[in-house]
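Raw protein-v4.cif, mmCIF, C-alpha atoms:
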```
data_input
loop_
_atom_site.label_atom_id
_atom_site.label_comp_id
_atom_site.auth_asym_id
_atom_site.auth_seq_id
_atom_site.Cartn_x
_atom_site.Cartn_y
_atom_site.Cartn_z
CA MET A 28 8.17 -16.19 -16.28
CA MET A 29 7.26 -14.59 -19.61
CA THR A 30 3.93 -16.39 -19.64
CA ARG A 31 3.11 -15.07 -16.20
CA ARG A 32 4.11 -11.55 -17.19
CA LEU A 33 1.91 -11.57 -20.30
CA ILE A 34 -1.10 -13.00 -18.45
CA GLN A 35 -0.64 -10.46 -15.68
CA LEU A 36 -0.29 -7.58 -18.15
CA PHE A 37 -3.41 -8.41 -20.16
CA THR A 38 -5.46 -9.24 -17.05
CA GLY A 39 -4.43 -5.98 -15.41
CA LEU A 40 -5.32 -3.88 -18.46
CA ALA A 41 -8.69 -5.62 -18.82
CA MET A 42 -9.48 -4.98 -15.15
CA TYR A 43 -8.37 -1.37 -15.49
CA GLY A 44 -10.81 -0.79 -18.33
CA ILE A 45 -13.63 -2.52 -16.42
CA SER A 46 -12.88 -0.39 -13.35
CA LEU A 47 -13.27 2.76 -15.48
CA ALA A 48 -16.71 1.54 -16.55
CA MET A 49 -17.59 0.92 -12.90
CA PHE A 50 -16.54 4.46 -11.95
CA ILE A 51 -18.81 5.83 -14.66
CA ARG A 52 -21.75 3.64 -13.65
CA ALA A 53 -21.33 4.66 -10.00
CA GLY A 54 -21.95 8.26 -11.04
CA LEU A 55 -20.02 9.77 -8.13
CA GLY A 56 -17.05 11.25 -9.98
CA LEU A 57 -14.01 10.01 -11.91
CA ASP A 58 -10.26 10.26 -11.55
CA PRO A 59 -8.70 13.37 -13.21
CA TRP A 60 -7.73 11.77 -16.53
CA ASP A 61 -11.10 10.09 -16.91
CA VAL A 62 -12.90 13.36 -16.13
CA PHE A 63 -11.00 14.65 -19.16
CA HIS A 64 -11.85 11.58 -21.25
CA GLN A 65 -15.52 11.77 -20.33
CA GLY A 66 -15.65 15.47 -21.10
CA LEU A 67 -14.18 14.87 -24.56
CA ALA A 68 -16.57 11.97 -25.14
CA ASN A 69 -19.53 14.17 -24.21
CA ARG A 70 -18.42 16.88 -26.62
CA THR A 71 -17.47 14.67 -29.55
CA GLY A 72 -20.08 11.93 -29.35
CA MET A 73 -17.38 9.24 -29.40
CA SER A 74 -17.40 6.39 -26.91
CA ILE A 75 -15.23 7.00 -23.87
CA GLY A 76 -13.16 3.94 -24.76
CA LEU A 77 -12.31 5.38 -28.16
CA VAL A 78 -11.43 8.70 -26.54
CA VAL A 79 -9.11 6.91 -24.09
CA ILE A 80 -7.32 5.23 -27.01
CA ILE A 81 -6.97 8.45 -29.04
CA VAL A 82 -5.74 10.46 -26.05
CA SER A 83 -3.25 7.71 -25.17
CA PHE A 84 -1.58 7.95 -28.58
CA LEU A 85 -1.64 11.76 -28.49
CA VAL A 86 0.08 11.65 -25.10
CA LEU A 87 2.68 9.28 -26.57
CA LEU A 88 3.54 12.00 -29.09
CA LEU A 89 4.50 14.17 -26.10
CA TRP A 90 7.06 11.51 -25.18
CA ILE A 91 9.12 12.46 -28.25
CA PRO A 92 10.53 15.77 -26.91
CA LEU A 93 10.98 14.04 -23.54
CA ARG A 94 13.16 11.43 -25.31
CA GLN A 95 11.16 8.48 -24.06
CA TRP A 96 10.30 5.29 -25.91
CA PRO A 97 7.20 3.17 -25.29
CA GLY A 98 7.47 -0.42 -24.22
CA PHE A 99 5.27 -3.32 -25.26
CA GLY A 100 3.07 -2.75 -22.21
CA THR A 101 2.76 0.94 -23.05
CA LEU A 102 1.24 0.18 -26.45
CA CYS A 103 -1.02 -2.53 -25.04
CA ASN A 104 -2.19 -0.10 -22.37
CA ALA A 105 -2.98 2.54 -24.97
CA ILE A 106 -5.36 0.19 -26.77
CA LEU A 107 -6.77 -2.33 -24.33
CA VAL A 108 -7.91 -0.05 -21.50
CA GLY A 109 -10.23 1.80 -23.87
CA VAL A 110 -11.49 -1.42 -25.44
CA PHE A 111 -12.38 -2.95 -22.08
CA ALA A 112 -13.88 0.32 -20.82
CA ASP A 113 -16.44 0.15 -23.63
CA ILE A 114 -17.02 -3.56 -23.01
CA GLY A 115 -17.61 -2.82 -19.33
CA LEU A 116 -20.08 -0.04 -20.11
CA ALA A 117 -21.99 -2.42 -22.39
CA LEU A 118 -22.22 -5.05 -19.65
CA ILE A 119 -22.56 -3.10 -16.39
CA PRO A 120 -25.90 -1.38 -15.75
CA ALA A 121 -26.13 2.08 -14.22
CA VAL A 122 -27.10 2.26 -10.53
CA SER A 123 -29.29 4.96 -9.03
CA GLN A 124 -29.62 4.17 -5.33
CA LEU A 125 -26.93 5.60 -3.06
CA PHE A 126 -25.96 2.24 -1.56
CA GLY A 127 -25.46 0.79 -5.03
CA GLN A 128 -23.43 3.80 -6.13
CA VAL A 129 -21.17 3.66 -3.07
CA SER A 130 -20.68 -0.10 -3.49
CA MET A 131 -19.87 0.33 -7.17
CA LEU A 132 -17.40 3.11 -6.37
CA ALA A 133 -15.65 1.02 -3.69
CA GLY A 134 -15.41 -1.93 -6.08
CA ALA A 135 -14.04 0.33 -8.82
CA VAL A 136 -11.29 1.72 -6.58
CA LEU A 137 -10.30 -1.77 -5.38
CA LEU A 138 -10.31 -3.24 -8.89
CA ASN A 139 -8.33 -0.27 -10.21
CA GLY A 140 -5.71 -0.77 -7.50
CA ILE A 141 -5.35 -4.47 -8.32
CA ALA A 142 -5.23 -3.69 -12.05
CA SER A 143 -2.52 -1.05 -11.57
CA ALA A 144 -0.40 -3.42 -9.47
CA CYS A 145 -0.82 -6.14 -12.10
CA TYR A 146 0.31 -4.18 -15.12
CA ILE A 147 3.05 -2.28 -13.30
CA GLY A 148 4.31 -5.51 -11.75
CA ALA A 149 4.47 -7.20 -15.15
CA ARG A 150 7.38 -4.89 -16.06
CA PHE A 151 6.43 -4.16 -19.67
CA GLY A 152 6.68 -0.38 -19.49
CA PRO A 153 4.53 2.41 -18.03
CA GLY A 154 1.24 3.64 -19.38
CA ALA A 155 1.29 6.70 -21.63
CA ARG A 156 0.12 9.05 -18.87
CA ASP A 157 2.51 7.71 -16.23
CA GLY A 158 5.38 7.96 -18.69
CA LEU A 159 4.49 11.58 -19.40
CA MET A 160 4.66 12.31 -15.67
CA THR A 161 8.02 10.62 -15.09
CA GLY A 162 9.48 11.97 -18.34
CA LEU A 163 8.50 15.52 -17.45
CA ALA A 164 10.05 15.13 -14.02
CA ARG A 165 13.30 13.83 -15.49
CA ARG A 166 13.61 16.54 -18.14
CA THR A 167 12.66 19.49 -15.92
CA GLY A 168 14.17 18.43 -12.61
CA TRP A 169 10.78 18.73 -10.94
CA SER A 170 9.69 16.09 -8.46
CA VAL A 171 7.43 13.31 -9.72
CA ARG A 172 4.79 14.51 -7.25
CA LEU A 173 4.87 18.06 -8.64
CA SER A 174 4.79 16.82 -12.24
CA ARG A 175 1.84 14.54 -11.53
CA THR A 176 -0.02 17.27 -9.67
CA LEU A 177 0.42 19.81 -12.47
CA ILE A 178 -0.66 17.35 -15.16
CA GLU A 179 -3.66 16.01 -13.27
CA VAL A 180 -4.91 19.41 -12.13
CA THR A 181 -4.71 20.59 -15.74
CA VAL A 182 -6.62 17.66 -17.24
CA LEU A 183 -9.13 17.72 -14.36
CA ALA A 184 -9.89 21.39 -14.94
CA ILE A 185 -10.23 20.96 -18.71
CA GLY A 186 -12.37 17.86 -18.25
CA TRP A 187 -14.66 19.61 -15.78
CA VAL A 188 -15.15 22.52 -18.18
CA LEU A 189 -16.00 20.01 -20.92
CA GLY A 190 -18.64 18.40 -18.72
CA GLY A 191 -16.74 15.48 -17.14
CA SER A 192 -17.97 14.12 -13.82
CA VAL A 193 -16.20 15.51 -10.74
CA GLY A 194 -17.41 14.39 -7.32
CA VAL A 195 -16.69 12.45 -4.17
CA GLY A 196 -15.33 9.60 -6.29
CA THR A 197 -12.62 11.93 -7.59
CA VAL A 198 -11.48 12.63 -4.03
CA VAL A 199 -11.76 9.00 -2.92
CA TYR A 200 -9.64 7.87 -5.87
CA ALA A 201 -6.99 10.52 -5.23
CA LEU A 202 -6.67 9.55 -1.56
CA ALA A 203 -6.96 5.77 -1.90
CA ILE A 204 -5.21 4.68 -5.07
CA GLY A 205 -1.63 5.46 -4.03
CA PRO A 206 -1.70 3.55 -0.72
CA LEU A 207 -3.68 0.73 -2.33
CA VAL A 208 -1.18 0.21 -5.16
CA GLN A 209 1.72 0.45 -2.71
CA LEU A 210 0.10 -2.28 -0.60
CA LEU A 211 -0.66 -4.58 -3.54
CA LEU A 212 2.38 -4.06 -5.77
CA PRO A 213 4.75 -6.39 -3.85
CA ARG A 214 2.24 -9.22 -4.37
CA PHE A 215 2.25 -8.75 -8.15
CA MET A 216 5.79 -7.57 -8.88
CA VAL A 217 7.50 -10.05 -11.18
CA PRO A 218 11.11 -10.55 -10.05
CA ALA A 219 13.70 -9.12 -12.39
CA ALA A 220 15.94 -11.60 -14.16
CA LEU A 221 18.95 -12.42 -12.03
CA PRO A 222 22.31 -11.42 -13.57
CA GLU A 223 24.88 -14.08 -14.17
CA THR A 224 27.12 -14.65 -11.18
CA ALA A 225 30.29 -12.64 -11.51
CA GLY A 226 33.35 -14.78 -11.94
CA ALA A 227 31.39 -17.95 -12.67
CA ALA A 228 33.19 -20.51 -14.78
CA PRO A 229 32.14 -20.44 -18.44
CA ALA A 230 30.08 -23.28 -19.77
CA THR A 231 32.07 -26.02 -21.45
CA VAL A 232 31.49 -26.31 -25.20
CA PRO A 233 31.46 -29.97 -26.29
#
```
Rewrite the structure of this file - the entire thing - as structure tokens.
Amino acid sequence: MMTRRLIQLFTGLAMYGISLAMFIRAGLGLDPWDVFHQGLANRTGMSIGLVVIIVSFLVLLLWIPLRQWPGFGTLCNAILVGVFADIGLALIPAVSQLFGQVSMLAGAVLLNGIASACYIGARFGPGARDGLMTGLARRTGWSVRLSRTLIEVTVLAIGWVLGGSVGVGTVVYALAIGPLVQLLLPRFMVPAALPETAGAAPATVP
């Protein structure tokens, strides 16, 4: 089971990074956090993958007052998504025709949904940004939906001001990713370890 979990985690994070590159190459708009990442990359001259990694660790610092601790998957997420985003950008060419852009966007959304289901289902801990959302909800008493909305609206607005790409892809992602992950997650969720049967006879020691 551990082998499956590790393969699923690393595969999911690799696909997530590649899907980010596909969103960028489609040129039709990014999800809120990646609008922010792209805006910072445009302003600093760093690659978007490096920006994703730096922002991930900065967000993890915000976990401290929320009294949250990262899991193994959290740390892998913080590094590998950015690495594979840059790899994807190096390998995937930009598209200019509308049909190609729409196809690339659709593929990016689908791949992102599969990737999210993979790494969530592996049960190694949430990503830095998801943990910030759930931690804020727990500490403030706000709903997860409200916490996510406030965070994503904030980073979207900042990213847009910094020059990040906002467009139809932003809307498509917002509407599609939740239902898509909900549909796919049961297929990738690794079963939790079963507790020992209560009242079972202890093993005999030879």
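Of note, atom CA of Leu33 of chain A and atom CA of Pro218 of chain A are spaced 13.8 Å apart.
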Residue neighbourhood Ile91 of chain A, 12 Å, all atoms listed in the file, exclusion window fewer than 4 positions, as an NGL selection string: :A and (84-87 or 95-97 or 155 or 158-159 or 162-163 or 166)
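If you measure from each of A:Asp157, A:Ala48, A:Val108, A:Ala219 to Trp90 of chain A using all atoms listed in the file, the closest one turns out to be A:Asp157.
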Given all atoms listed in the file as the counted atoms, nearest of A:Val110, A:Leu77, A:Val195, A:Ala201 to Arg175 of chain A: A:Ala201
Quick check on the file I pasted: which residues fall under the PyMOL selection byres ((chain A and resi 99) around 12)? Write them as a PDB file with C-alpha atoms, keeping the file's coordinate frame.
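expr24.pdb was written with the following content:
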```pdb
ATOM      1  CA  ARG A  32       4.110 -11.550 -17.190  1.00  0.00           C
ATOM      2  CA  LEU A  33       1.910 -11.570 -20.300  1.00  0.00           C
ATOM      3  CA  LEU A  36      -0.290  -7.580 -18.150  1.00  0.00           C
ATOM      4  CA  PHE A  37      -3.410  -8.410 -20.160  1.00  0.00           C
ATOM      5  CA  TRP A  96      10.300   5.290 -25.910  1.00  0.00           C
ATOM      6  CA  PRO A  97       7.200   3.170 -25.290  1.00  0.00           C
ATOM      7  CA  GLY A  98       7.470  -0.420 -24.220  1.00  0.00           C
ATOM      8  CA  GLY A 100       3.070  -2.750 -22.210  1.00  0.00           C
ATOM      9  CA  THR A 101       2.760   0.940 -23.050  1.00  0.00           C
ATOM     10  CA  LEU A 102       1.240   0.180 -26.450  1.00  0.00           C
ATOM     11  CA  CYS A 103      -1.020  -2.530 -25.040  1.00  0.00           C
ATOM     12  CA  ASN A 104      -2.190  -0.100 -22.370  1.00  0.00           C
ATOM     13  CA  ALA A 105      -2.980   2.540 -24.970  1.00  0.00           C
ATOM     14  CA  ILE A 106      -5.360   0.190 -26.770  1.00  0.00           C
ATOM     15  CA  TYR A 146       0.310  -4.180 -15.120  1.00  0.00           C
ATOM     16  CA  ALA A 149       4.470  -7.200 -15.150  1.00  0.00           C
ATOM     17  CA  ARG A 150       7.380  -4.890 -16.060  1.00  0.00           C
ATOM     18  CA  PHE A 151       6.430  -4.160 -19.670  1.00  0.00           C
ATOM     19  CA  GLY A 152       6.680  -0.380 -19.490  1.00  0.00           C
ATOM     20  CA  PRO A 153       4.530   2.410 -18.030  1.00  0.00           C
ATOM     21  CA  GLY A 154       1.240   3.640 -19.380  1.00  0.00           C
ATOM     22  CA  ALA A 155       1.290   6.700 -21.630  1.00  0.00           C
TER      23      ALA A 155
END
```
How close does segment 104-184 of chain A get to segment 50-67 of chain A? List, as a tab-separated table, each residue of segment 104-184 of chain A within 6 Å, its nearest atom pair and the distance in Å to one decimal, counting all atoms listed in the file.
```
residue	atom	partner	partner_atom	distance
A:Ala121	CA	A:Arg52	CA	4.7
A:Gln128	CA	A:Ala53	CA	4.5
A:Met131	CA	A:Ala53	CA	5.4
A:Leu132	CA	A:Ala53	CA	5.6
A:Ala135	CA	A:Phe50	CA	5.8
A:Glu179	CA	A:Pro59	CA	5.7
A:Val182	CA	A:Phe63	CA	5.7
A:Leu183	CA	A:Pro59	CA	4.5
```
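The interatomic distance for the pair atom CA of Ile45 of chain A and atom CA of Val122 of chain A works out to 15.5 Å.
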Going by the chain IDs and residue numbers used in this file, which residues fall under the PyMOL selection byres ((chain A and resi 207) around 9)? Write them as a CSV table (one decimal) with C-alpha atoms, in the coordinates of the input.
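The resulting file, out.csv, is reproduced below:
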```csv
chain,number,residue,atom,x,y,z
A,136,VAL,CA,-11.3,1.7,-6.6
A,137,LEU,CA,-10.3,-1.8,-5.4
A,140,GLY,CA,-5.7,-0.8,-7.5
A,141,ILE,CA,-5.4,-4.5,-8.3
A,144,ALA,CA,-0.4,-3.4,-9.5
A,203,ALA,CA,-7.0,5.8,-1.9
A,204,ILE,CA,-5.2,4.7,-5.1
A,205,GLY,CA,-1.6,5.5,-4.0
A,206,PRO,CA,-1.7,3.6,-0.7
A,208,VAL,CA,-1.2,0.2,-5.2
A,209,GLN,CA,1.7,0.4,-2.7
A,210,LEU,CA,0.1,-2.3,-0.6
A,211,LEU,CA,-0.7,-4.6,-3.5
A,212,LEU,CA,2.4,-4.1,-5.8
```
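Take atom CA of Asp113 of chain A and atom CA of Ile75 of chain A: the distance between them is 7.0 Å.
Among the candidate residues A:Leu202, A:Val193, A:Ile119, A:Ile178, the one lying nearest to Thr161 of chain A is A:Ile178, with distances computed using all atoms listed in the file.
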Output check: residues returned by the PyMOL selection byres ((chain A and resi 142) around 8), as a VMD selection string: chain A and resid 38 to 43 138 to 141 143 to 146
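Between Gly109 of chain A and the residues A:Thr71, A:Thr167, A:Ser83, A:Ser123, the shortest atom-to-atom distance, using only C-alpha atoms, involves A:Ser83.
Closest approach to Ile114 of chain A from the set A:Gly148, A:Gly191, A:Gly76, A:Gly186 is made by A:Gly76, with distances taken over only C-alpha atoms.
When all atoms listed in the file are used to measure the gap to Ser174 of chain A, the shortest distance among A:Ile80, A:Val217, A:Ala68, A:Met160 belongs to A:Met160.
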